[in-house]
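Text of work-v4.txt, listed as compact mmCIF, C-alpha atoms:
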```
# COMPACT_ATOMS: atom_id res chain seq x y z
CA MET E 264 17.85 26.95 3.98
CA SER E 265 14.15 27.73 3.82
CA ASP E 266 14.92 30.81 1.71
CA THR E 267 15.87 28.49 -1.16
CA ILE E 268 12.40 26.95 -1.26
CA PRO E 269 10.49 28.31 -4.28
CA ASN E 270 7.13 30.02 -3.86
CA THR E 271 5.63 27.76 -6.52
CA MET E 272 6.19 24.12 -7.41
CA THR E 273 5.26 21.60 -10.09
CA ALA E 274 2.48 19.18 -9.22
CA VAL E 275 0.37 16.54 -10.97
CA VAL E 276 -3.22 17.79 -11.02
CA PHE E 277 -6.53 17.14 -12.77
CA ALA E 278 -9.21 19.74 -13.49
CA GLU E 279 -11.93 17.14 -14.08
CA THR E 280 -12.41 13.49 -13.24
CA GLY E 281 -11.92 10.87 -15.90
CA ALA E 282 -9.40 8.59 -17.60
CA PRO E 283 -5.64 8.84 -16.94
CA ASP E 284 -5.21 11.48 -19.63
CA VAL E 285 -6.92 14.09 -17.41
CA LEU E 286 -3.69 14.26 -15.40
CA ARG E 287 -1.38 17.16 -16.21
CA LEU E 288 1.46 19.17 -14.71
CA ALA E 289 0.74 22.60 -13.25
CA SER E 290 2.52 25.27 -11.25
CA VAL E 291 0.89 25.63 -7.82
CA PRO E 292 1.83 27.38 -4.54
CA THR E 293 4.40 25.55 -2.44
CA PRO E 294 2.80 24.48 0.86
CA GLU E 295 4.05 25.77 4.21
CA PRO E 296 4.50 23.40 7.18
CA GLY E 297 2.42 24.19 10.25
CA GLU E 298 3.05 23.32 13.86
CA GLY E 299 4.26 19.76 14.23
CA GLU E 300 4.72 19.38 10.46
CA VAL E 301 7.64 19.16 8.07
CA LEU E 302 8.01 20.16 4.43
CA ILE E 303 9.48 17.38 2.30
CA LYS E 304 11.31 17.98 -0.96
CA VAL E 305 9.74 15.08 -2.82
CA GLU E 306 11.87 12.95 -5.09
CA ALA E 307 9.50 10.00 -5.45
CA ALA E 308 5.80 9.32 -4.83
CA ALA E 309 4.12 5.90 -4.99
CA LEU E 310 0.79 5.15 -6.65
CA ASN E 311 -2.06 3.51 -4.79
CA TRP E 312 -5.34 2.16 -6.14
CA ALA E 313 -7.14 4.91 -4.23
CA ASP E 314 -5.39 7.44 -6.48
CA THR E 315 -6.96 5.99 -9.61
CA LEU E 316 -10.39 5.93 -7.93
CA GLU E 317 -10.01 9.53 -6.79
CA ARG E 318 -8.99 10.57 -10.30
CA ASN E 319 -12.02 8.94 -11.93
CA GLY E 320 -14.40 10.36 -9.33
CA SER E 321 -15.41 7.15 -7.53
CA TYR E 322 -13.48 7.83 -4.30
CA PRO E 323 -13.62 11.00 -2.20
CA GLY E 324 -10.54 13.20 -2.29
CA TRP E 325 -8.48 13.95 0.80
CA SER E 326 -9.52 17.62 0.69
CA ASP E 327 -12.63 19.52 -0.30
CA LYS E 328 -10.46 21.93 -2.29
CA PRO E 329 -11.00 21.58 -6.05
CA ASP E 330 -7.25 21.72 -6.67
CA ALA E 331 -6.30 19.09 -4.10
CA ILE E 332 -3.25 17.02 -5.08
CA MET E 333 -3.20 13.21 -4.86
CA GLY E 334 -0.44 11.09 -3.38
CA LEU E 335 -0.41 9.06 -0.15
CA GLU E 336 3.28 8.16 0.26
CA VAL E 337 6.53 9.87 -0.67
CA ALA E 338 10.27 9.86 -0.15
CA GLY E 339 12.62 12.81 -0.26
CA THR E 340 14.54 15.13 2.04
CA ILE E 341 13.42 17.52 4.76
CA ALA E 342 13.23 21.03 3.28
CA LYS E 343 11.78 22.88 6.26
CA VAL E 344 10.79 22.07 9.82
CA GLY E 345 7.68 23.57 11.40
CA SER E 346 7.56 24.58 15.05
CA GLY E 347 7.48 21.59 17.36
CA ALA E 348 8.60 19.12 14.68
CA ASN E 349 12.12 18.78 16.03
CA ARG E 350 12.55 15.07 15.29
CA PHE E 351 14.17 15.96 11.97
CA ASN E 352 16.71 18.36 10.51
CA VAL E 353 16.80 20.01 7.12
CA GLY E 354 18.44 17.66 4.64
CA ASP E 355 17.44 14.41 6.39
CA PRO E 356 16.37 11.68 3.90
CA VAL E 357 12.91 10.44 4.86
CA CYS E 358 9.77 8.62 3.74
CA ALA E 359 6.30 9.69 4.81
CA LEU E 360 2.67 8.64 4.99
CA LEU E 361 0.31 11.38 3.78
CA ALA E 362 -3.41 12.03 3.62
CA GLY E 363 -2.74 13.49 0.16
CA GLY E 364 -0.50 15.98 -1.62
CA GLY E 365 2.33 13.66 -2.59
CA TYR E 366 2.23 14.15 -6.36
CA ALA E 367 4.29 17.33 -6.16
CA GLN E 368 7.81 18.66 -5.76
CA TYR E 369 7.06 19.54 -2.13
CA ALA E 370 4.63 18.00 0.35
CA VAL E 371 3.72 18.68 3.97
CA ALA E 372 3.53 15.80 6.44
CA PRO E 373 2.82 15.60 10.18
CA SER E 374 6.10 14.74 11.90
CA PRO E 375 4.77 11.50 13.50
CA GLN E 376 4.00 10.18 10.01
CA VAL E 377 7.60 10.59 8.84
CA LEU E 378 10.40 8.06 9.24
CA PRO E 379 14.08 8.03 8.25
CA LEU E 380 14.72 6.52 4.84
CA PRO E 381 15.78 2.89 5.42
CA ARG E 382 19.50 2.37 5.11
CA GLY E 383 20.64 1.80 1.52
CA PHE E 384 17.20 2.42 0.01
CA SER E 385 16.71 4.45 -3.14
CA MET E 386 14.08 7.18 -3.02
CA ALA E 387 11.84 5.02 -5.23
CA GLU E 388 12.09 2.16 -2.74
CA GLY E 389 11.45 4.52 0.16
CA ALA E 390 8.29 5.87 -1.46
CA ALA E 391 7.02 2.30 -1.82
CA VAL E 392 7.05 1.72 1.94
CA PRO E 393 4.69 3.87 4.07
CA GLU E 394 1.15 3.23 2.79
CA ALA E 395 1.70 -0.37 1.72
CA PHE E 396 3.55 -1.54 4.80
CA CYS E 397 1.20 0.31 7.17
CA THR E 398 -1.80 -1.28 5.45
CA VAL E 399 -0.31 -4.78 5.58
CA TRP E 400 0.92 -4.47 9.16
CA THR E 401 -2.30 -3.13 10.65
CA ASN E 402 -4.46 -5.63 8.79
CA MET E 403 -2.53 -8.86 8.36
CA ILE E 404 -0.62 -8.67 11.65
CA GLU E 405 -2.67 -6.56 14.08
CA ARG E 406 -6.16 -7.58 12.91
CA GLY E 407 -5.42 -10.91 11.25
CA HIS E 408 -3.08 -11.99 14.06
CA LEU E 409 -0.81 -13.82 11.62
CA ARG E 410 1.66 -16.07 13.44
CA PRO E 411 4.87 -17.75 12.24
CA SER E 412 3.14 -21.15 12.30
CA ASP E 413 0.21 -19.94 10.17
CA THR E 414 -0.58 -20.21 6.48
CA VAL E 415 -1.91 -17.04 4.85
CA LEU E 416 -3.77 -16.68 1.54
CA ILE E 417 -3.13 -13.32 -0.11
CA HIS E 418 -5.42 -12.30 -2.96
CA GLY E 419 -3.93 -9.93 -5.53
CA GLY E 420 -0.44 -11.17 -4.76
CA ALA E 421 1.20 -9.12 -7.52
CA SER E 422 -0.25 -5.80 -6.34
CA GLY E 423 1.65 -3.36 -4.18
CA ILE E 424 -0.24 -4.61 -1.13
CA GLY E 425 0.19 -8.22 -2.22
CA THR E 426 3.95 -8.11 -2.75
CA THR E 427 4.35 -6.25 0.53
CA ALA E 428 2.25 -8.86 2.35
CA ILE E 429 4.42 -11.64 0.93
CA LEU E 430 7.56 -9.95 2.25
CA VAL E 431 6.10 -9.32 5.70
CA ALA E 432 4.58 -12.80 6.08
CA LYS E 433 7.78 -14.53 5.00
CA GLY E 434 9.79 -12.25 7.27
CA LEU E 435 7.57 -13.46 10.09
CA GLY E 436 8.12 -17.09 9.06
CA SER E 437 4.59 -17.89 7.85
CA LYS E 438 3.66 -20.01 4.83
CA VAL E 439 2.29 -17.93 1.96
CA ILE E 440 -0.20 -18.73 -0.81
CA VAL E 441 -1.18 -16.03 -3.31
CA THR E 442 -3.52 -15.56 -6.23
CA ALA E 443 -2.48 -13.54 -9.29
CA GLY E 444 -3.76 -12.94 -12.83
CA SER E 445 -1.03 -14.47 -15.00
CA ASP E 446 1.68 -17.12 -14.97
CA GLU E 447 4.29 -14.36 -15.19
CA LYS E 448 2.92 -12.63 -12.10
CA CYS E 449 2.74 -15.93 -10.26
CA ALA E 450 6.40 -16.59 -11.05
CA LYS E 451 7.35 -13.15 -9.73
CA CYS E 452 5.39 -13.73 -6.53
CA GLU E 453 7.18 -17.01 -5.95
CA ALA E 454 10.51 -15.35 -6.71
CA ILE E 455 10.03 -12.94 -3.80
CA GLY E 456 8.99 -15.67 -1.39
CA ALA E 457 5.48 -16.99 -1.97
CA ASP E 458 5.33 -20.75 -1.33
CA LYS E 459 2.51 -21.21 -3.85
CA ALA E 460 1.12 -18.83 -6.47
CA ILE E 461 -2.15 -19.62 -8.26
CA ASN E 462 -3.22 -18.14 -11.59
CA TYR E 463 -6.90 -17.51 -10.82
CA LYS E 464 -7.69 -17.10 -14.53
CA THR E 465 -6.65 -20.65 -15.40
CA HIS E 466 -7.17 -22.51 -12.12
CA ASP E 467 -9.81 -22.69 -9.41
CA PHE E 468 -7.97 -21.16 -6.48
CA SER E 469 -10.17 -22.97 -3.96
CA ASP E 470 -9.17 -26.37 -5.32
CA GLU E 471 -5.52 -25.34 -5.54
CA VAL E 472 -5.39 -24.04 -1.97
CA MET E 473 -6.99 -27.17 -0.54
CA ALA E 474 -4.64 -29.39 -2.54
CA PHE E 475 -1.57 -27.43 -1.43
CA THR E 476 -2.60 -27.53 2.22
CA ASN E 477 -3.55 -31.22 2.12
CA GLY E 478 -7.19 -30.33 2.70
CA GLU E 479 -6.52 -28.26 5.83
CA GLY E 480 -7.11 -24.76 4.46
CA VAL E 481 -5.50 -21.56 5.72
CA ASP E 482 -5.39 -19.58 8.95
CA VAL E 483 -5.61 -16.07 7.52
CA VAL E 484 -6.88 -14.49 4.30
CA LEU E 485 -5.85 -10.98 3.22
CA ASP E 486 -8.32 -9.86 0.56
CA ILE E 487 -8.34 -6.83 -1.75
CA ILE E 488 -11.04 -8.14 -4.10
CA GLY E 489 -14.32 -8.46 -2.20
CA GLY E 490 -17.38 -9.73 -4.03
CA ASP E 491 -17.66 -13.50 -4.31
CA TYR E 492 -14.05 -13.92 -3.15
CA ILE E 493 -15.26 -13.38 0.43
CA GLN E 494 -17.41 -16.49 0.74
CA LYS E 495 -14.87 -18.58 -1.18
CA SER E 496 -12.18 -17.39 1.23
CA LEU E 497 -14.34 -18.12 4.27
CA ASP E 498 -14.78 -21.66 2.98
CA LEU E 499 -10.99 -22.02 2.85
CA LEU E 500 -10.37 -20.89 6.42
CA LYS E 501 -9.55 -23.34 9.18
CA GLN E 502 -11.40 -23.38 12.48
CA ASP E 503 -10.90 -19.99 14.22
CA GLY E 504 -9.59 -18.51 10.97
CA ARG E 505 -9.42 -14.79 10.21
CA LEU E 506 -10.36 -12.93 7.04
CA VAL E 507 -9.22 -9.32 6.70
CA SER E 508 -10.60 -7.14 3.90
CA VAL E 509 -8.57 -4.17 2.66
CA GLY E 510 -10.21 -3.52 -0.71
CA MET E 511 -13.02 -4.23 -3.09
CA LEU E 512 -11.51 -4.34 -6.57
CA GLY E 513 -14.12 -6.92 -7.53
CA SER E 514 -17.31 -5.72 -5.88
CA ASN E 515 -18.64 -4.00 -2.79
CA ASP E 516 -21.60 -6.40 -2.72
CA VAL E 517 -21.09 -9.59 -0.74
CA ASN E 518 -23.34 -12.59 -0.05
CA LEU E 519 -22.32 -14.58 3.01
CA LYS E 520 -23.36 -17.86 4.55
CA LEU E 521 -23.55 -17.06 8.24
CA SER E 522 -23.41 -20.75 9.02
CA THR E 523 -19.82 -20.85 7.75
CA ILE E 524 -18.82 -18.10 10.17
CA LEU E 525 -20.69 -19.61 13.10
CA MET E 526 -19.66 -23.22 12.68
CA LYS E 527 -15.96 -22.44 12.19
CA ARG E 528 -15.84 -19.55 14.70
CA LEU E 529 -14.42 -17.24 12.04
CA THR E 530 -13.47 -13.60 12.40
CA ILE E 531 -14.00 -11.03 9.64
CA ALA E 532 -12.21 -7.70 9.97
CA GLY E 533 -11.30 -4.76 7.78
CA SER E 534 -9.99 -1.23 7.93
CA THR E 535 -8.96 1.84 6.01
CA LEU E 536 -5.91 3.95 6.70
CA ARG E 537 -6.53 7.33 5.15
CA THR E 538 -9.16 8.60 7.60
CA ARG E 539 -7.21 7.75 10.76
CA THR E 540 -5.93 10.53 13.00
CA VAL E 541 -2.35 11.76 13.01
CA ALA E 542 -1.88 10.10 16.40
CA GLU E 543 -3.13 6.76 15.07
CA LYS E 544 -1.00 6.95 11.94
CA GLY E 545 1.98 8.06 13.97
CA ALA E 546 1.62 5.08 16.30
CA LEU E 547 1.45 2.76 13.30
CA MET E 548 4.55 4.32 11.73
CA ALA E 549 6.38 3.90 15.03
CA GLU E 550 5.40 0.22 14.99
CA LEU E 551 6.86 -0.11 11.48
CA LYS E 552 10.10 1.50 12.67
CA ARG E 553 10.28 -1.02 15.50
CA CYS E 554 9.28 -4.17 13.60
CA ILE E 555 9.84 -3.63 9.88
CA TRP E 556 12.92 -1.39 9.75
CA PRO E 557 15.12 -4.19 11.18
CA MET E 558 13.96 -6.37 8.26
CA PHE E 559 15.13 -3.59 5.92
CA ASP E 560 18.39 -2.87 7.72
CA TYR E 561 19.50 -6.40 8.53
CA GLY E 562 17.18 -8.86 6.83
CA GLY E 563 17.67 -7.90 3.21
CA VAL E 564 13.95 -7.13 2.73
CA ARG E 565 13.22 -4.50 0.09
CA PRO E 566 9.89 -3.39 -1.37
CA VAL E 567 9.12 -4.53 -4.90
CA VAL E 568 9.26 -1.62 -7.36
CA ASP E 569 7.52 -2.43 -10.62
CA SER E 570 8.31 0.68 -12.64
CA VAL E 571 9.30 4.34 -12.37
CA PHE E 572 7.73 7.19 -14.36
CA PRO E 573 8.72 10.86 -14.46
CA ALA E 574 6.01 13.23 -13.27
CA GLU E 575 5.14 14.31 -16.82
CA LYS E 576 4.13 10.70 -17.54
CA ALA E 577 1.91 10.26 -14.49
CA ASN E 578 -0.96 9.41 -16.83
CA GLU E 579 1.02 6.43 -18.15
CA ALA E 580 1.70 5.30 -14.59
CA HIS E 581 -2.03 5.42 -13.80
CA ALA E 582 -2.85 3.54 -17.00
CA ARG E 583 -0.37 0.80 -16.10
CA MET E 584 -2.02 0.39 -12.71
CA GLU E 585 -5.56 0.34 -14.10
CA GLU E 586 -4.59 -2.22 -16.73
CA LYS E 587 -3.12 -4.35 -13.89
CA LEU E 588 0.17 -4.80 -15.70
CA HIS E 589 2.29 -4.21 -12.62
CA THR E 590 3.92 -6.42 -10.02
CA GLY E 591 4.73 -4.34 -6.96
CA LYS E 592 4.67 -0.57 -6.61
CA ILE E 593 4.55 2.02 -9.39
CA ILE E 594 6.55 5.18 -8.68
CA ILE E 595 6.39 8.77 -9.97
CA THR E 596 9.58 10.85 -9.67
CA PHE E 597 10.09 14.59 -9.47
CA THR E 598 13.09 16.69 -10.47
CA HIS E 599 14.07 20.03 -8.93
```
Could you rewrite the structure in this file as structure tokens?
Amino acid sequence: MSDTIPNTMTAVVFAETGAPDVLRLASVPTPEPGEGEVLIKVEAAALNWADTLERNGSYPGWSDKPDAIMGLEVAGTIAKVGSGANRFNVGDPVCALLAGGGYAQYAVAPSPQVLPLPRGFSMAEGAAVPEAFCTVWTNMIERGHLRPSDTVLIHGGASGIGTTAILVAKGLGSKVIVTAGSDEKCAKCEAIGADKAINYKTHDFSDEVMAFTNGEGVDVVLDIIGGDYIQKSLDLLKQDGRLVSVGMLGSNDVNLKLSTILMKRLTIAGSTLRTRTVAEKGALMAELKRCIWPMFDYGGVRPVVDSVFPAEKANEAHARMEEKLHTGKIIITFTH
């Protein structure tokens, strides 16, 4: 079977940093799986905000090679199995969490970071799972300690992370409030389970949250914005509340009132996923298989796919993300 793998493949690359139009297709060498790795024949790759930052030069790439390929999560079939990676067989449909390299017809992944494609999922849906669900699980559940009886405020509710967080929180049984940038996005968030969606452009989300919770506030905040959202969110937390930061779309600079944290015994946490070890990522993927896959298989939960672009239109996919037109995950597909 490995003899049918081509020596070269098509990938989305960029020779210089800049706007989405720097992205182009190129023929590059097909990677070879090492020990404990598998080669995936990629059918779909999902976009993440880190991809747009890497492309415009404001986020370090996953490799120091000038021709490094972006892409943090993919779905496809196993094309080749490296030594020691005997969890899978050639032809198995899978989804995988990557450090990079997903915007291509073939991608290498450490075996622990690969899971079977959820039952009944399309490849586009499978590609929308690994990075988003790992990020939400490790932050909202493991660090934010969200419980079924809790109320969570999710900023950026229409983003890939936001829609995923809605699904996970509602699957857990928690009450969900989100912020989003338009009435249309708010309606979509409520359609997938949010109990309250607030258009932050037309309403003060602090007032809306307090009104919705009868002045009690929330137990957990999942934030992708940063900046002045942090103090506002701290003010909305109940006693012993938890704020978890997973992004800084607004600003990296934050001014805090320590008295708020001290008087309410608040916890602030945050994390990134990309720089974790294979063992750490593998353990997190195993946790998803144990806790999230049953939601997929038996609970009717499916990731929200906003749109699908062929690889030759990857620049349009990036532009859609940067213009914040999407609700859910944006997918790039590859043909063979």
> Quick one: residues within 10 Å of E:Asp470, all atoms listed in the file counted, chain neighbours fewer than 5 positions away excluded, as JSON, numbers by chain?
Replying inline: {"E": [475, 478, 499]}
> From the set E:Ala370, E:Ala421, E:Ala348, E:Val399, which residue has the shortest atom-to-atom contact distance to E:Pro292, counting only C-alpha atoms?
Replying inline: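 The closest residue to E:Pro292 is E:Ala370.
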>> What's the separation between atom CA of E:Leu551 and atom CA of E:Cys397, in Å to one decimal place?
In response: 7.1 Å
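Separating atom CA of E:Ala432 from atom CA of E:Ile404 is a distance of 8.7 Å.
Across the structure, atom CA of E:Lys592 and atom CA of E:Thr538 are spaced 21.8 Å apart.
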>> So that I can see what lies close to E:Thr442, please list as a ChimeraX atom specification the residues with an atom at most 9 Å from it, counting all atoms listed in the file and leaving out residues fewer than 6 positions away in the same chain.
In response: /E:416-421,449,459-463,468
Any chance you could export the current selection's C-alpha atoms as a compact mmCIF listing (two decimals), in the frame of the given file?
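Result written to part_0.txt:
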```txt
# COMPACT_ATOMS: atom_id res chain seq x y z
CA LEU E 416 -3.77 -16.68 1.54
CA ILE E 417 -3.13 -13.32 -0.11
CA HIS E 418 -5.42 -12.30 -2.96
CA GLY E 419 -3.93 -9.93 -5.53
CA GLY E 420 -0.44 -11.17 -4.76
CA ALA E 421 1.20 -9.12 -7.52
CA CYS E 449 2.74 -15.93 -10.26
CA LYS E 459 2.51 -21.21 -3.85
CA ALA E 460 1.12 -18.83 -6.47
CA ILE E 461 -2.15 -19.62 -8.26
CA ASN E 462 -3.22 -18.14 -11.59
CA TYR E 463 -6.90 -17.51 -10.82
CA PHE E 468 -7.97 -21.16 -6.48
```
> Restricting the calculation to only C-alpha atoms, which member of E:Thr293, E:Thr590, E:Ser445, E:Thr280 is positioned closest to E:Asn319?
Replying inline: E:Thr280
>> as a list of chain:residue names, please: the residues near E:Ala549 (cut-off 9 Å, all atoms listed in the file, same-chain neighbours under 6 positions excluded).
In response: E:Pro375, E:Gln376, E:Leu378
>> Given all atoms listed in the file as the basis, pick out the residue of E:Gly504, E:Pro557, E:Gly510, E:Gly545 nearest to E:Gly407.
In response: E:Gly504
> Which residues come within 12 Å of E:Arg350, counting all atoms listed in the file, excluding same-chain residues fewer than 2 positions away, as number ranges by chain?
Replying inline: E: 299-301, 341, 343-348, 352-353, 355, 357, 373-379
>> Residues within 12 Å of E:Ile332, please, as JSON, numbers by chain. Count all atoms listed in the file; anything in the same chain fewer than 5 positions from it doesn't count.
In response: {"E": [273, 274, 275, 276, 277, 278, 286, 287, 288, 289, 290, 291, 292, 293, 294, 308, 314, 317, 318, 324, 325, 326, 327, 361, 362, 363, 364, 365, 366, 367, 368, 369, 370, 371]}
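Counting all atoms listed in the file and comparing E:Glu394, E:Glu405, E:Asp498, E:Glu453, the residue that lies closest to E:Ala532 is E:Glu405.
Taking only C-alpha atoms into account, E:Thr414 lies nearest to E:Val472 out of the set E:Cys554, E:Leu547, E:Val472, E:Met272.
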Using only C-alpha atoms, what does the table of stretch 513-554 of chain E residues within 12 Å of stretch 483-491 of chain E look like, with each row giving the shortest atom pair and its distance in Å to one decimal, sorted by chain and ascending number, as CSV?
```
residue,atom,partner,partner_atom,distance
E:Gly513,CA,E:Ile488,CA,4.8
E:Ser514,CA,E:Gly490,CA,4.4
E:Asn515,CA,E:Gly490,CA,6.0
E:Asp516,CA,E:Gly490,CA,5.5
E:Val517,CA,E:Gly490,CA,5.0
E:Asn518,CA,E:Asp491,CA,7.2
E:Leu519,CA,E:Asp491,CA,8.7
E:Lys520,CA,E:Asp491,CA,11.4
E:Leu529,CA,E:Val483,CA,10.0
E:Thr530,CA,E:Val483,CA,9.6
E:Ile531,CA,E:Val484,CA,9.5
E:Ala532,CA,E:Leu485,CA,9.8
E:Gly533,CA,E:Asp486,CA,9.3
E:Ser534,CA,E:Ile487,CA,11.3
E:Thr535,CA,E:Ile487,CA,11.7
```
Selected residues written out with C-alpha atoms, as a PDB file, in the frame of the given file:
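Saved the output as again-v7.pdb:
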```pdb
ATOM      1  CA  GLY E 513     -14.120  -6.920  -7.530  1.00  0.00           C
ATOM      2  CA  SER E 514     -17.310  -5.720  -5.880  1.00  0.00           C
ATOM      3  CA  ASN E 515     -18.640  -4.000  -2.790  1.00  0.00           C
ATOM      4  CA  ASP E 516     -21.600  -6.400  -2.720  1.00  0.00           C
ATOM      5  CA  VAL E 517     -21.090  -9.590  -0.740  1.00  0.00           C
ATOM      6  CA  ASN E 518     -23.340 -12.590  -0.050  1.00  0.00           C
ATOM      7  CA  LEU E 519     -22.320 -14.580   3.010  1.00  0.00           C
ATOM      8  CA  LYS E 520     -23.360 -17.860   4.550  1.00  0.00           C
ATOM      9  CA  LEU E 529     -14.420 -17.240  12.040  1.00  0.00           C
ATOM     10  CA  THR E 530     -13.470 -13.600  12.400  1.00  0.00           C
ATOM     11  CA  ILE E 531     -14.000 -11.030   9.640  1.00  0.00           C
ATOM     12  CA  ALA E 532     -12.210  -7.700   9.970  1.00  0.00           C
ATOM     13  CA  GLY E 533     -11.300  -4.760   7.780  1.00  0.00           C
ATOM     14  CA  SER E 534      -9.990  -1.230   7.930  1.00  0.00           C
ATOM     15  CA  THR E 535      -8.960   1.840   6.010  1.00  0.00           C
TER      16      THR E 535
END
```
> Of the candidates E:Lys552, E:Arg537, E:His599, E:Lys433, which one gets nearest to E:Pro573 if we count only C-alpha atoms?
Replying inline: E:His599
